[in-house]
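**Student:** Next comes the structure file work_4.cif, holding mmCIF, C-alpha atoms.
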```
data_input
loop_
_atom_site.label_atom_id
_atom_site.label_comp_id
_atom_site.auth_asym_id
_atom_site.auth_seq_id
_atom_site.Cartn_x
_atom_site.Cartn_y
_atom_site.Cartn_z
CA MET A 1326 41.66 -29.28 -6.27
CA GLN A 1327 43.57 -32.06 -4.52
CA LEU A 1328 41.40 -34.43 -2.48
CA LYS A 1329 43.85 -34.13 0.42
CA THR A 1330 43.12 -30.39 0.52
CA LEU A 1331 39.36 -30.92 0.51
CA LEU A 1332 39.64 -33.57 3.18
CA SER A 1333 40.55 -30.97 5.79
CA ALA A 1334 37.22 -29.17 5.23
CA THR A 1335 35.05 -31.60 7.19
CA ALA A 1336 35.14 -34.52 9.62
CA VAL A 1337 35.57 -37.85 7.81
CA ARG A 1338 35.03 -41.10 9.73
CA GLN A 1339 36.61 -43.44 7.21
CA VAL A 1340 38.53 -43.30 3.92
CA ILE A 1341 38.24 -46.28 1.59
CA GLY A 1342 40.71 -45.98 -1.28
CA THR A 1343 43.51 -43.65 -2.31
CA LEU A 1344 43.73 -39.97 -1.41
CA ASP A 1345 45.91 -39.31 -4.45
CA ARG A 1346 43.09 -37.87 -6.55
CA THR A 1347 42.17 -34.52 -8.08
CA VAL A 1348 38.59 -33.28 -7.70
CA GLU A 1349 37.56 -31.18 -10.69
CA ASN A 1350 33.87 -30.77 -9.83
CA ILE A 1351 31.31 -31.59 -7.15
CA ALA A 1352 27.73 -32.81 -7.66
CA TYR A 1353 24.87 -34.09 -5.51
CA ASP A 1354 22.80 -35.08 -8.57
CA SER A 1355 24.23 -38.17 -10.27
CA ARG A 1356 23.08 -36.84 -13.64
CA ARG A 1357 25.42 -33.85 -13.29
CA VAL A 1358 28.53 -35.81 -12.37
CA GLN A 1359 31.54 -35.24 -14.62
CA ARG A 1360 34.90 -36.92 -15.05
CA ASN A 1361 37.12 -36.74 -11.94
CA GLY A 1362 34.16 -35.50 -9.96
CA MET A 1363 33.04 -35.86 -6.36
CA PHE A 1364 29.53 -37.20 -5.85
CA VAL A 1365 27.87 -36.46 -2.52
CA ALA A 1366 24.97 -38.82 -1.74
CA LEU A 1367 22.21 -36.80 -0.05
CA ARG A 1368 19.18 -38.33 1.62
CA GLY A 1369 16.16 -36.37 0.36
CA GLU A 1370 12.45 -36.40 1.09
CA LYS A 1371 11.66 -38.42 -2.05
CA SER A 1372 14.90 -40.21 -2.95
CA ASP A 1373 18.20 -41.32 -1.44
CA GLY A 1374 21.40 -40.36 -3.25
CA HIS A 1375 23.05 -43.54 -2.02
CA GLU A 1376 20.92 -45.44 -4.54
CA PHE A 1377 22.62 -43.57 -7.40
CA ILE A 1378 26.25 -44.08 -6.41
CA GLY A 1379 26.74 -46.70 -9.12
CA GLN A 1380 25.41 -44.32 -11.79
CA ALA A 1381 27.69 -41.56 -10.51
CA ILE A 1382 30.74 -43.79 -10.80
CA GLU A 1383 29.72 -44.81 -14.32
CA LYS A 1384 29.56 -41.10 -15.25
CA GLY A 1385 33.09 -40.48 -14.00
CA ALA A 1386 32.90 -39.82 -10.26
CA SER A 1387 36.25 -40.71 -8.70
CA VAL A 1388 35.27 -39.68 -5.14
CA ILE A 1389 32.09 -40.71 -3.34
CA VAL A 1390 30.90 -39.08 -0.12
CA ALA A 1391 28.40 -41.27 1.71
CA GLU A 1392 27.01 -42.12 5.14
CA ARG A 1393 27.88 -45.81 4.71
CA GLU A 1394 30.77 -47.80 3.30
CA GLU A 1395 30.90 -48.14 -0.47
CA GLN A 1396 33.48 -50.47 -1.99
CA ASN A 1397 34.45 -49.76 -5.61
CA PRO A 1398 38.00 -49.85 -7.01
CA ARG A 1399 37.19 -47.00 -9.42
CA ALA A 1400 36.37 -44.47 -6.69
CA THR A 1401 37.54 -43.39 -3.25
CA CYS A 1402 34.79 -43.43 -0.64
CA LEU A 1403 34.68 -40.88 2.17
CA VAL A 1404 32.34 -42.01 4.95
CA VAL A 1405 30.88 -39.09 6.93
CA GLU A 1406 28.28 -38.68 9.66
CA ASN A 1407 26.06 -36.36 7.60
CA THR A 1408 26.43 -35.84 3.87
CA ARG A 1409 24.52 -32.54 3.91
CA THR A 1410 26.95 -30.87 6.27
CA ALA A 1411 29.87 -32.46 4.42
CA LEU A 1412 28.58 -31.07 1.12
CA ALA A 1413 28.40 -27.56 2.59
CA ASP A 1414 31.94 -27.85 3.97
CA PHE A 1415 33.41 -29.24 0.74
CA ALA A 1416 31.57 -26.67 -1.40
CA GLU A 1417 32.82 -23.71 0.64
CA THR A 1418 36.42 -24.89 0.37
CA PHE A 1419 36.12 -25.86 -3.31
CA TYR A 1420 34.89 -22.37 -4.26
CA GLY A 1421 37.48 -20.57 -2.17
CA HIS A 1422 35.34 -19.36 0.76
CA PRO A 1423 33.55 -16.62 -1.26
CA GLY A 1424 31.41 -15.55 1.69
CA ARG A 1425 34.51 -14.30 3.48
CA LYS A 1426 35.04 -11.76 0.70
CA LEU A 1427 31.58 -10.22 1.00
CA LYS A 1428 29.46 -8.34 3.49
CA LEU A 1429 26.56 -10.75 4.00
CA ALA A 1430 22.97 -9.95 4.96
CA ALA A 1431 20.37 -12.66 5.58
CA VAL A 1432 16.61 -12.15 5.75
CA THR A 1433 14.33 -14.83 7.18
CA GLY A 1434 10.68 -14.99 8.28
CA THR A 1435 7.38 -16.08 6.81
CA ASN A 1436 6.38 -12.90 4.96
CA GLY A 1437 8.26 -9.91 3.60
CA LYS A 1438 11.59 -11.59 2.84
CA THR A 1439 11.54 -10.86 -0.89
CA THR A 1440 10.58 -7.19 -0.59
CA THR A 1441 13.07 -6.59 2.22
CA THR A 1442 15.96 -8.17 0.32
CA PHE A 1443 15.21 -6.15 -2.81
CA LEU A 1444 15.09 -2.97 -0.74
CA ILE A 1445 18.39 -3.76 1.00
CA LYS A 1446 20.04 -4.39 -2.36
CA HIS A 1447 18.62 -1.16 -3.80
CA ILE A 1448 19.83 0.91 -0.85
CA CYS A 1449 23.29 -0.67 -0.98
CA GLU A 1450 23.68 -0.21 -4.72
CA ASN A 1451 22.63 3.43 -4.61
CA ALA A 1452 24.99 4.08 -1.72
CA GLY A 1453 27.91 2.73 -3.79
CA LEU A 1454 28.07 -0.78 -2.31
CA ARG A 1455 27.71 -3.29 -5.17
CA CYS A 1456 25.43 -6.02 -3.92
CA GLY A 1457 24.36 -9.41 -5.25
CA LEU A 1458 20.98 -10.92 -4.44
CA ILE A 1459 19.81 -14.50 -3.89
CA GLY A 1460 16.09 -14.93 -3.34
CA THR A 1461 12.75 -16.47 -4.16
CA VAL A 1462 12.17 -14.62 -7.42
CA ARG A 1463 15.64 -14.43 -8.94
CA TYR A 1464 19.37 -14.28 -8.42
CA GLU A 1465 21.21 -11.07 -9.29
CA ILE A 1466 24.94 -11.35 -10.01
CA GLY A 1467 26.35 -8.00 -11.05
CA GLU A 1468 24.54 -7.21 -14.30
CA ARG A 1469 23.29 -10.78 -14.72
CA VAL A 1470 19.81 -11.85 -13.61
CA LEU A 1471 19.01 -15.55 -13.31
CA PRO A 1472 15.63 -17.16 -12.53
CA ALA A 1473 15.59 -18.63 -9.04
CA ILE A 1474 15.32 -22.38 -8.68
CA ARG A 1475 14.55 -22.22 -4.97
CA THR A 1476 14.58 -19.50 -2.30
CA THR A 1477 17.86 -20.62 -0.75
CA PRO A 1478 19.83 -22.90 -3.07
CA GLU A 1479 21.48 -26.14 -1.97
CA SER A 1480 24.84 -25.44 -0.28
CA LEU A 1481 26.86 -26.36 -3.38
CA ASP A 1482 24.83 -24.05 -5.64
CA LEU A 1483 24.84 -21.32 -3.00
CA GLN A 1484 28.64 -21.30 -2.76
CA GLU A 1485 28.93 -21.25 -6.55
CA LEU A 1486 26.55 -18.26 -6.75
CA LEU A 1487 28.51 -16.40 -4.08
CA ALA A 1488 31.74 -17.07 -6.00
CA GLN A 1489 30.11 -15.61 -9.11
CA ILE A 1490 28.95 -12.57 -7.11
CA VAL A 1491 32.54 -12.01 -5.95
CA ASN A 1492 33.85 -12.40 -9.50
CA ALA A 1493 31.26 -9.84 -10.70
CA GLY A 1494 32.92 -7.22 -8.50
CA CYS A 1495 30.34 -7.10 -5.72
CA GLN A 1496 31.33 -6.25 -2.18
CA ALA A 1497 28.11 -7.48 -0.55
CA ALA A 1498 25.30 -9.99 -0.97
CA VAL A 1499 21.83 -10.15 0.50
CA MET A 1500 19.80 -13.34 0.51
CA GLU A 1501 16.53 -14.81 1.62
CA VAL A 1502 17.13 -17.72 3.96
CA SER A 1503 14.24 -20.16 4.17
CA SER A 1504 13.37 -22.40 7.09
CA HIS A 1505 13.95 -25.44 4.87
CA ALA A 1506 17.46 -24.22 4.11
CA LEU A 1507 18.24 -23.63 7.78
CA ALA A 1508 16.87 -27.05 8.75
CA GLN A 1509 19.08 -28.62 6.09
CA ASP A 1510 22.21 -26.56 6.87
CA ARG A 1511 22.44 -25.12 3.36
CA PRO A 1512 24.02 -21.82 4.55
CA ARG A 1513 26.48 -23.72 6.77
CA GLY A 1514 29.86 -22.01 6.98
CA LEU A 1515 28.59 -18.54 6.05
CA GLU A 1516 29.21 -15.79 8.58
CA TRP A 1517 26.76 -12.91 8.56
CA ASN A 1518 27.15 -9.19 9.06
CA VAL A 1519 23.39 -8.76 9.41
CA ALA A 1520 20.51 -11.16 10.07
CA VAL A 1521 16.91 -9.90 9.74
CA PHE A 1522 13.80 -11.54 11.21
CA THR A 1523 10.55 -10.29 9.63
CA ASN A 1524 7.77 -12.33 11.28
CA LEU A 1525 6.41 -15.83 11.73
CA THR A 1526 2.95 -17.07 10.82
CA GLN A 1527 1.67 -20.58 10.20
CA ASP A 1528 3.30 -22.06 7.12
CA HIS A 1529 5.26 -25.12 5.95
CA LEU A 1530 3.92 -27.36 8.69
CA ASP A 1531 3.93 -30.18 6.13
CA PHE A 1532 7.73 -30.01 6.41
CA HIS A 1533 8.29 -28.84 9.99
CA GLY A 1534 5.35 -30.55 11.67
CA THR A 1535 4.78 -27.91 14.36
CA MET A 1536 5.12 -24.16 14.81
CA LYS A 1537 7.73 -24.87 17.47
CA SER A 1538 9.88 -26.77 14.98
CA TYR A 1539 9.30 -24.09 12.33
CA PHE A 1540 10.40 -21.36 14.73
CA GLU A 1541 13.43 -23.34 15.87
CA SER A 1542 14.59 -23.65 12.25
CA LYS A 1543 14.36 -19.88 11.80
CA MET A 1544 16.07 -19.34 15.13
CA LYS A 1545 19.20 -21.23 13.99
CA LEU A 1546 20.21 -18.23 11.89
CA PHE A 1547 20.37 -16.04 14.99
CA THR A 1548 21.68 -18.44 17.61
CA GLY A 1549 24.58 -19.17 15.28
CA LEU A 1550 25.71 -15.54 15.24
CA GLY A 1551 27.43 -15.93 18.60
CA SER A 1552 29.65 -18.77 17.37
CA GLN A 1553 30.99 -17.06 14.25
CA LYS A 1554 34.76 -17.44 14.09
CA LYS A 1555 35.81 -14.54 11.89
CA LYS A 1556 36.23 -10.99 13.13
CA ARG A 1557 32.83 -9.84 11.95
CA LYS A 1558 30.55 -7.96 14.28
CA PRO A 1559 27.15 -9.41 13.41
CA VAL A 1560 23.95 -7.51 14.12
CA ALA A 1561 20.48 -9.02 14.54
CA ILE A 1562 17.54 -6.98 13.22
CA VAL A 1563 14.29 -8.19 14.81
CA ASN A 1564 10.64 -7.24 14.31
CA ILE A 1565 9.56 -6.48 17.87
CA ASP A 1566 5.90 -6.18 16.82
CA ASP A 1567 5.81 -9.92 16.10
CA ARG A 1568 5.34 -12.23 19.08
CA TYR A 1569 7.95 -14.63 17.76
CA GLY A 1570 10.30 -11.69 17.38
CA GLU A 1571 9.95 -11.06 21.10
CA GLN A 1572 10.79 -14.70 21.82
CA LEU A 1573 13.74 -14.59 19.47
CA LEU A 1574 15.32 -11.67 21.31
CA ASN A 1575 15.60 -13.83 24.42
CA LYS A 1576 17.41 -16.56 22.48
CA ILE A 1577 20.13 -14.43 20.88
CA ASP A 1578 23.57 -14.42 22.49
CA LYS A 1579 23.75 -11.31 24.70
CA ARG A 1580 27.09 -10.40 23.12
CA ILE A 1581 25.35 -9.89 19.76
CA PRO A 1582 23.83 -6.43 19.21
CA ALA A 1583 20.09 -6.79 18.54
CA ILE A 1584 18.24 -3.88 16.94
CA THR A 1585 14.45 -3.92 17.09
CA TYR A 1586 12.16 -2.42 14.48
CA GLY A 1587 8.44 -2.02 14.01
CA MET A 1588 5.62 0.41 14.66
CA GLY A 1589 5.29 -0.05 18.42
CA MET A 1590 6.80 2.20 21.08
CA ARG A 1591 9.53 -0.31 22.00
CA ALA A 1592 11.07 -0.39 18.51
CA GLU A 1593 14.49 1.24 18.12
CA PHE A 1594 13.77 1.80 14.42
CA ARG A 1595 10.16 2.93 14.66
CA ALA A 1596 7.71 3.95 11.95
CA SER A 1597 4.71 6.10 12.80
CA ASN A 1598 2.20 8.48 11.20
CA TYR A 1599 2.17 6.54 7.97
CA ARG A 1600 -0.19 7.53 5.20
CA VAL A 1601 -0.87 6.36 1.69
CA GLU A 1602 -0.20 8.89 -1.06
CA SER A 1603 -0.65 8.82 -4.82
CA SER A 1604 3.02 7.92 -5.28
CA GLY A 1605 3.24 5.34 -2.50
CA THR A 1606 3.47 5.64 1.27
CA SER A 1607 5.10 8.14 3.62
CA TYR A 1608 5.90 7.78 7.30
CA GLN A 1609 7.98 9.16 10.14
CA LEU A 1610 11.04 7.13 11.06
CA ASP A 1611 12.55 7.55 14.52
CA ALA A 1612 16.00 5.99 14.80
CA ARG A 1613 19.31 6.72 16.48
CA GLY A 1614 17.81 9.66 18.34
CA LYS A 1615 16.66 11.41 15.17
CA SER A 1616 13.47 11.65 13.13
CA TYR A 1617 13.18 11.36 9.37
CA LEU A 1618 10.44 11.63 6.77
CA VAL A 1619 10.49 8.52 4.60
CA ARG A 1620 8.68 8.10 1.29
CA VAL A 1621 8.54 4.74 -0.43
CA PRO A 1622 6.69 3.93 -3.69
CA LEU A 1623 5.09 0.88 -2.07
CA ILE A 1624 1.60 0.51 -0.67
CA GLY A 1625 0.49 -1.05 2.61
CA ARG A 1626 1.37 -1.10 6.28
CA PHE A 1627 3.41 -4.29 5.80
CA ASN A 1628 5.65 -2.51 3.29
CA VAL A 1629 6.28 0.25 5.82
CA THR A 1630 7.59 -2.45 8.13
CA ASN A 1631 9.63 -4.05 5.33
CA SER A 1632 11.26 -0.74 4.44
CA VAL A 1633 12.14 -0.04 8.09
CA ALA A 1634 13.79 -3.48 8.28
CA ALA A 1635 15.77 -2.70 5.12
CA LEU A 1636 16.90 0.67 6.46
CA ALA A 1637 18.02 -0.85 9.75
CA ALA A 1638 19.89 -3.61 7.90
CA ALA A 1639 21.59 -1.22 5.49
CA ASN A 1640 22.60 0.98 8.39
CA ALA A 1641 24.12 -2.04 10.13
CA LEU A 1642 26.10 -2.72 6.94
CA GLY A 1643 27.71 0.69 7.33
CA ILE A 1644 25.48 2.85 5.14
CA ASN A 1645 24.66 6.31 6.48
CA LEU A 1646 20.98 6.46 7.36
CA ARG A 1647 20.39 9.84 5.74
CA ASP A 1648 22.02 8.66 2.49
CA ALA A 1649 19.92 5.49 2.63
CA LEU A 1650 16.74 7.55 2.85
CA LYS A 1651 17.72 9.44 -0.31
CA THR A 1652 17.96 6.17 -2.20
CA LEU A 1653 14.47 5.12 -1.09
CA ARG A 1654 13.03 8.35 -2.48
CA GLU A 1655 14.65 7.55 -5.82
CA LEU A 1656 13.19 4.05 -5.94
CA GLU A 1657 10.62 3.70 -8.70
CA PRO A 1658 8.56 0.80 -9.97
CA HIS A 1659 10.80 -1.14 -12.33
CA ARG A 1660 8.35 -1.09 -15.21
CA LEU A 1661 4.80 -0.08 -16.08
CA ILE A 1662 3.13 -2.76 -18.19
CA ALA A 1663 -0.15 -1.59 -19.73
CA VAL A 1664 -2.96 -3.75 -21.11
CA PHE A 1665 -5.47 -1.75 -23.12
CA GLY A 1666 -7.76 -1.68 -26.12
CA CYS A 1667 -10.46 0.51 -27.66
CA GLY A 1668 -14.17 -0.12 -27.86
CA GLY A 1669 -15.82 -0.92 -31.18
CA ASN A 1670 -18.32 1.40 -32.85
CA ARG A 1671 -16.76 4.38 -31.10
CA ASP A 1672 -14.45 7.24 -32.18
CA ARG A 1673 -11.87 5.54 -34.42
CA GLN A 1674 -9.62 8.65 -34.54
CA LYS A 1675 -8.84 8.28 -30.84
CA ARG A 1676 -7.28 4.85 -31.30
CA PRO A 1677 -3.81 5.95 -32.50
CA LEU A 1678 -3.92 8.90 -30.08
CA MET A 1679 -4.45 6.55 -27.14
CA ALA A 1680 -1.60 4.41 -28.45
CA GLU A 1681 0.72 7.44 -28.50
CA ILE A 1682 -0.04 8.18 -24.84
CA VAL A 1683 0.54 4.56 -23.78
CA ASP A 1684 3.71 4.39 -25.88
CA ARG A 1685 5.02 7.52 -24.14
CA HIS A 1686 4.29 6.52 -20.55
CA ALA A 1687 4.38 2.71 -20.37
CA ASP A 1688 7.52 0.62 -20.54
CA TYR A 1689 5.65 -2.13 -22.32
CA ALA A 1690 2.15 -2.46 -23.73
CA ILE A 1691 -0.17 -5.26 -24.76
CA ILE A 1692 -2.86 -4.23 -27.23
CA THR A 1693 -6.04 -6.25 -26.84
CA SER A 1694 -9.81 -6.18 -27.19
CA ASP A 1695 -12.09 -3.98 -25.13
CA ASN A 1696 -15.72 -4.30 -26.20
CA PRO A 1697 -15.44 -4.97 -29.95
CA ARG A 1698 -19.21 -4.74 -30.44
CA LYS A 1699 -19.97 -4.95 -34.17
CA GLU A 1700 -16.39 -4.33 -35.33
CA ASN A 1701 -13.72 -6.90 -36.12
CA PRO A 1702 -11.37 -7.02 -33.10
CA ASP A 1703 -8.32 -7.51 -35.33
CA THR A 1704 -9.17 -4.32 -37.23
CA ILE A 1705 -9.45 -2.32 -34.00
CA VAL A 1706 -6.08 -3.61 -32.77
CA ALA A 1707 -4.45 -2.80 -36.12
CA GLU A 1708 -5.73 0.80 -35.98
CA ILE A 1709 -4.42 1.20 -32.42
CA GLU A 1710 -1.03 -0.13 -33.52
CA THR A 1711 -0.53 2.76 -35.99
CA GLY A 1712 -0.05 5.12 -33.04
CA PHE A 1713 3.05 3.33 -31.71
CA ARG A 1714 6.49 4.67 -32.52
CA SER A 1715 8.42 2.18 -30.39
CA THR A 1716 8.52 -1.59 -30.63
CA HIS A 1717 7.81 -2.07 -26.90
CA TYR A 1718 4.45 -3.70 -27.39
CA GLU A 1719 2.72 -6.81 -28.61
CA LYS A 1720 -0.75 -7.69 -29.84
CA VAL A 1721 -2.89 -10.27 -28.03
CA VAL A 1722 -6.46 -9.92 -29.25
CA ASP A 1723 -8.01 -12.29 -26.71
CA ARG A 1724 -8.38 -10.22 -23.53
CA THR A 1725 -7.96 -13.14 -21.11
CA ARG A 1726 -4.71 -14.15 -22.80
CA ALA A 1727 -3.55 -10.52 -22.83
CA ILE A 1728 -4.02 -10.12 -19.07
CA ASN A 1729 -2.31 -13.44 -18.45
CA ARG A 1730 0.57 -12.38 -20.67
CA ALA A 1731 1.06 -9.08 -18.82
CA ILE A 1732 1.13 -10.74 -15.42
CA GLU A 1733 3.43 -13.46 -16.72
CA LEU A 1734 5.86 -10.70 -17.81
CA ALA A 1735 5.69 -8.87 -14.48
CA ARG A 1736 8.62 -8.95 -12.10
CA PRO A 1737 8.97 -7.64 -8.50
CA HIS A 1738 8.06 -3.95 -8.25
CA ASP A 1739 6.53 -3.81 -11.74
CA ILE A 1740 3.04 -2.32 -12.06
CA VAL A 1741 0.51 -3.94 -14.39
CA LEU A 1742 -2.19 -1.49 -15.48
CA ILE A 1743 -5.30 -3.12 -16.97
CA ALA A 1744 -7.20 -0.25 -18.53
CA GLY A 1745 -10.54 0.25 -20.19
CA LYS A 1746 -13.30 -1.89 -18.74
CA GLY A 1747 -13.02 -1.02 -15.06
CA HIS A 1748 -16.09 -2.17 -13.16
CA GLU A 1749 -17.74 -3.86 -16.18
CA ASN A 1750 -18.42 -7.56 -15.72
CA TYR A 1751 -19.11 -8.38 -19.36
CA GLN A 1752 -17.56 -8.18 -22.84
CA GLU A 1753 -19.66 -7.14 -25.81
CA PHE A 1754 -19.32 -8.74 -29.24
CA ALA A 1755 -21.30 -8.38 -32.48
CA ASP A 1756 -23.95 -10.95 -31.77
CA HIS A 1757 -23.47 -11.87 -28.13
CA THR A 1758 -22.27 -10.68 -24.73
CA ILE A 1759 -20.19 -12.83 -22.39
CA PRO A 1760 -19.46 -12.57 -18.65
CA PHE A 1761 -16.03 -10.98 -18.22
CA ASP A 1762 -14.44 -9.42 -15.16
CA ASP A 1763 -10.91 -8.00 -15.45
CA ILE A 1764 -10.35 -8.38 -11.71
CA GLN A 1765 -11.26 -12.06 -11.64
CA VAL A 1766 -9.13 -12.79 -14.69
CA ALA A 1767 -6.19 -10.92 -13.14
CA ARG A 1768 -6.57 -12.80 -9.84
CA ARG A 1769 -6.45 -16.13 -11.62
CA ALA A 1770 -3.44 -15.00 -13.63
CA ILE A 1771 -1.61 -14.00 -10.45
CA GLU A 1772 -2.31 -17.43 -8.97
CA ASP A 1773 -0.89 -19.02 -12.12
CA HIS A 1774 2.11 -16.67 -12.27
CA PRO A 1775 2.99 -15.69 -8.67
CA VAL A 1776 5.68 -13.03 -8.43
CA GLU A 1777 6.45 -13.14 -4.70
CA PHE A 1778 6.25 -16.02 -2.25
CA SER A 1779 5.98 -15.96 1.52
CA SER A 1780 8.00 -19.14 2.14
#
```
I'd like the structure from this file rewritten - as structure tokens, please.
**Tutor:**
Amino acid sequence: MQLKTLLSATAVRQVIGTLDRTVENIAYDSRRVQRNGMFVALRGEKSDGHEFIGQAIEKGASVIVAEREEQNPRATCLVVENTRTALADFAETFYGHPGRKLKLAAVTGTNGKTTTTFLIKHICENAGLRCGLIGTVRYEIGERVLPAIRTTPESLDLQELLAQIVNAGCQAAVMEVSSHALAQDRPRGLEWNVAVFTNLTQDHLDFHGTMKSYFESKMKLFTGLGSQKKKRKPVAIVNIDDRYGEQLLNKIDKRIPAITYGMGMRAEFRASNYRVESSGTSYQLDARGKSYLVRVPLIGRFNVTNSVAALAAANALGINLRDALKTLRELEPHRLIAVFGCGGNRDRQKRPLMAEIVDRHADYAIITSDNPRKENPDTIVAEIETGFRSTHYEKVVDRTRAINRAIELARPHDIVLIAGKGHENYQEFADHTIPFDDIQVARRAIEDHPVEFSS
């Protein structure tokens, strides 16, 4: 892309050098600079990109974007007021404004962002609206799934992901938007169809300093809806049960439709009469003057609230509410991962039979030790293995490692079943017994391999 074309994307205070250059790539990390590239010097919490301008030029950068003058005959320097906002502006133009080609839904708040975004994507996909996802756990681009580097990527990476989502044939994208990202203008330039506020509790004060500052960062997503330039009709979806949600409603431009949700009487999308069932949770949803029975395979009052937020958001994206409810009924846990073994000095004929049952019902299994007692644990595991017909299993004899492995494999909405020992707080071997509690081991494993974050 010609530098002259990019130059119109943002306000530039000073140009030092020629504008007759072609920009073939953009980077904010000097190690990723390529020939004929633009290097944008960002000031971070731990380092200042201005210190790496020389390295960027050595690697082939022909354009430097900085907040101070840089004289070098090998590169043109663009001096801007703020390199973060300049990066967002340049990135959006460089990647062809991909956000304009998508219906965009943003979810922000302290808790519930990940679950709500996954639910919105699921509802959209099952209603025929192909939807990409950018969030804490992973990025979903058509059929591709990438591990997430951060909840909301830097503006350059975000625009590249959105361009890939467009190229994958998606018509929509839903993303978690963190307070850090909003404070640093990473989503700058994006115009939303839907913005969801889940809740606000104390978090990230190491970055924001105060709850007031934290809330103000979140609020930027919603106060910006009124200044969107394109002909979108944005909708704010706000949790009215949260005290910060109440405050937020008073800050949103009165021209922007604001839909409230929750379990209180004032909520426009209101859940009530919820109860936990063997397959998940059911509740009554009152919305748009009608009542619906909703069943979701998720447990907990907070997931009732998350699912109501997702339904309200999907409805604002143009999906019929009754059709959306059908898709929630179809939602199943992604996978069942089973950890199991068989006790030693017990009925050996049951071992392959138990394996057959696990093989039939679990998506993946990890064979491990139970209470080996006077038998060789490897022998027990080998006898269990004879009952498997599939290859969807692995053997991890050490029970602690097996539980860790299962939780490491787990992804959002997977269920990990740790079977066998239940309430026992010991493990029995041939000549000794050791303290062992499945629950404690699983808790430690979850801390080491967290699946969902609240940031």
**Student:** Taking (15.5, -1.6, 16.3) in the file's coordinates as the center, which residues reach within 10 Å of it, counting all atoms listed in the file, put as a VMD selection string?
**Tutor:** chain A and resid 1561 to 1565 1583 to 1587 1591 to 1595 1611 to 1613 1633 to 1634 1637 to 1638
**Student:** With the file shown as input, list the residues that the PyMOL selection byres ((chain A and resi 1741) around 7) selects, as an NGL selection string.
**Tutor:** :A and (1661-1663 or 1731-1732 or 1739-1740 or 1742-1743)
**Student:** Which protein, DNA or RNA residues are at most 9 Å from (3.2, 9.4, -2.6) in the file's coordinates when you count only C-alpha atoms, listed as an mmCIF file with C-alpha atoms, in the frame of the given file?
**Tutor:**
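Contents of out38.cif, as written:
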```cif
data_model
loop_
_atom_site.group_PDB
_atom_site.id
_atom_site.type_symbol
_atom_site.label_atom_id
_atom_site.label_comp_id
_atom_site.auth_asym_id
_atom_site.auth_seq_id
_atom_site.Cartn_x
_atom_site.Cartn_y
_atom_site.Cartn_z
ATOM 1 C CA ARG A 1600 -0.190 7.530 5.200
ATOM 2 C CA VAL A 1601 -0.870 6.360 1.690
ATOM 3 C CA GLU A 1602 -0.200 8.890 -1.060
ATOM 4 C CA SER A 1603 -0.650 8.820 -4.820
ATOM 5 C CA SER A 1604 3.020 7.920 -5.280
ATOM 6 C CA GLY A 1605 3.240 5.340 -2.500
ATOM 7 C CA THR A 1606 3.470 5.640 1.270
ATOM 8 C CA SER A 1607 5.100 8.140 3.620
ATOM 9 C CA ARG A 1620 8.680 8.100 1.290
ATOM 10 C CA VAL A 1621 8.540 4.740 -0.430
ATOM 11 C CA PRO A 1622 6.690 3.930 -3.690
ATOM 12 C CA LEU A 1623 5.090 0.880 -2.070
#
```
**Student:** For the file shown, report as a PyMOL selection string the outcome of the PyMOL selection byres ((chain A and resi 1385-1387) around 6) at residue level.
**Tutor:** chain A and resi 1359-1363+1381-1384+1388+1400
**Student:** Between atom CA of A:Glu1349 and atom CA of A:Gln1327, what is the distance in Å, rounded to a tenth?
**Tutor:** 8.7 Å
**Student:** Quick one: of A:Ile1389, A:Leu1429, A:Gly1549, A:Met1326, who's nearest to A:Ala1352, counting all atoms listed in the file?
**Tutor:** A:Ile1389
**Student:** Could you state which residues are captured by the PyMOL selection byres ((chain A and resi 1438-1452) around 8) in this file, as number ranges by chain?
**Tutor:** A: 1432-1437, 1453-1458, 1460-1462, 1498-1501, 1523, 1628, 1631-1632, 1634-1636, 1638-1639, 1644, 1648-1649, 1652-1653, 1656, 1777-1779
**Student:** So, with only C-alpha atoms as the atoms that count, which of A:Asp1566, A:Glu1772, A:Asp1482, A:Glu1681 lies closest to A:Arg1714?
**Tutor:**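 Closest residue, counting only C-alpha atoms: A:Glu1681.
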**Student:** Any idea what's packed within 8 Å of A:Arg1676, counting all atoms listed in the file, ignoring anything in its chain fewer than 3 positions away? Could you give it as a ChimeraX atom specification?
**Tutor:** /A:1667,1672-1673,1679-1680,1705,1708-1709,1712
**Student:** How would the residues just picked look written out with C-alpha atoms as a PDB file, in the frame of the given file?
**Tutor:**
```
ATOM      1  CA  CYS A1667     -10.460   0.510 -27.660  1.00  0.00           C
ATOM      2  CA  ASP A1672     -14.450   7.240 -32.180  1.00  0.00           C
ATOM      3  CA  ARG A1673     -11.870   5.540 -34.420  1.00  0.00           C
ATOM      4  CA  MET A1679      -4.450   6.550 -27.140  1.00  0.00           C
ATOM      5  CA  ALA A1680      -1.600   4.410 -28.450  1.00  0.00           C
ATOM      6  CA  ILE A1705      -9.450  -2.320 -34.000  1.00  0.00           C
ATOM      7  CA  GLU A1708      -5.730   0.800 -35.980  1.00  0.00           C
ATOM      8  CA  ILE A1709      -4.420   1.200 -32.420  1.00  0.00           C
ATOM      9  CA  GLY A1712      -0.050   5.120 -33.040  1.00  0.00           C
TER      10      GLY A1712
END
```
**Student:** So how far away is atom CA of A:Gln1380 from atom CA of A:Leu1481, in Å?
**Tutor:**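 Atom-to-atom, atom CA of A:Leu1481 and atom CA of A:Gln1380 are spaced 19.9 Å apart.
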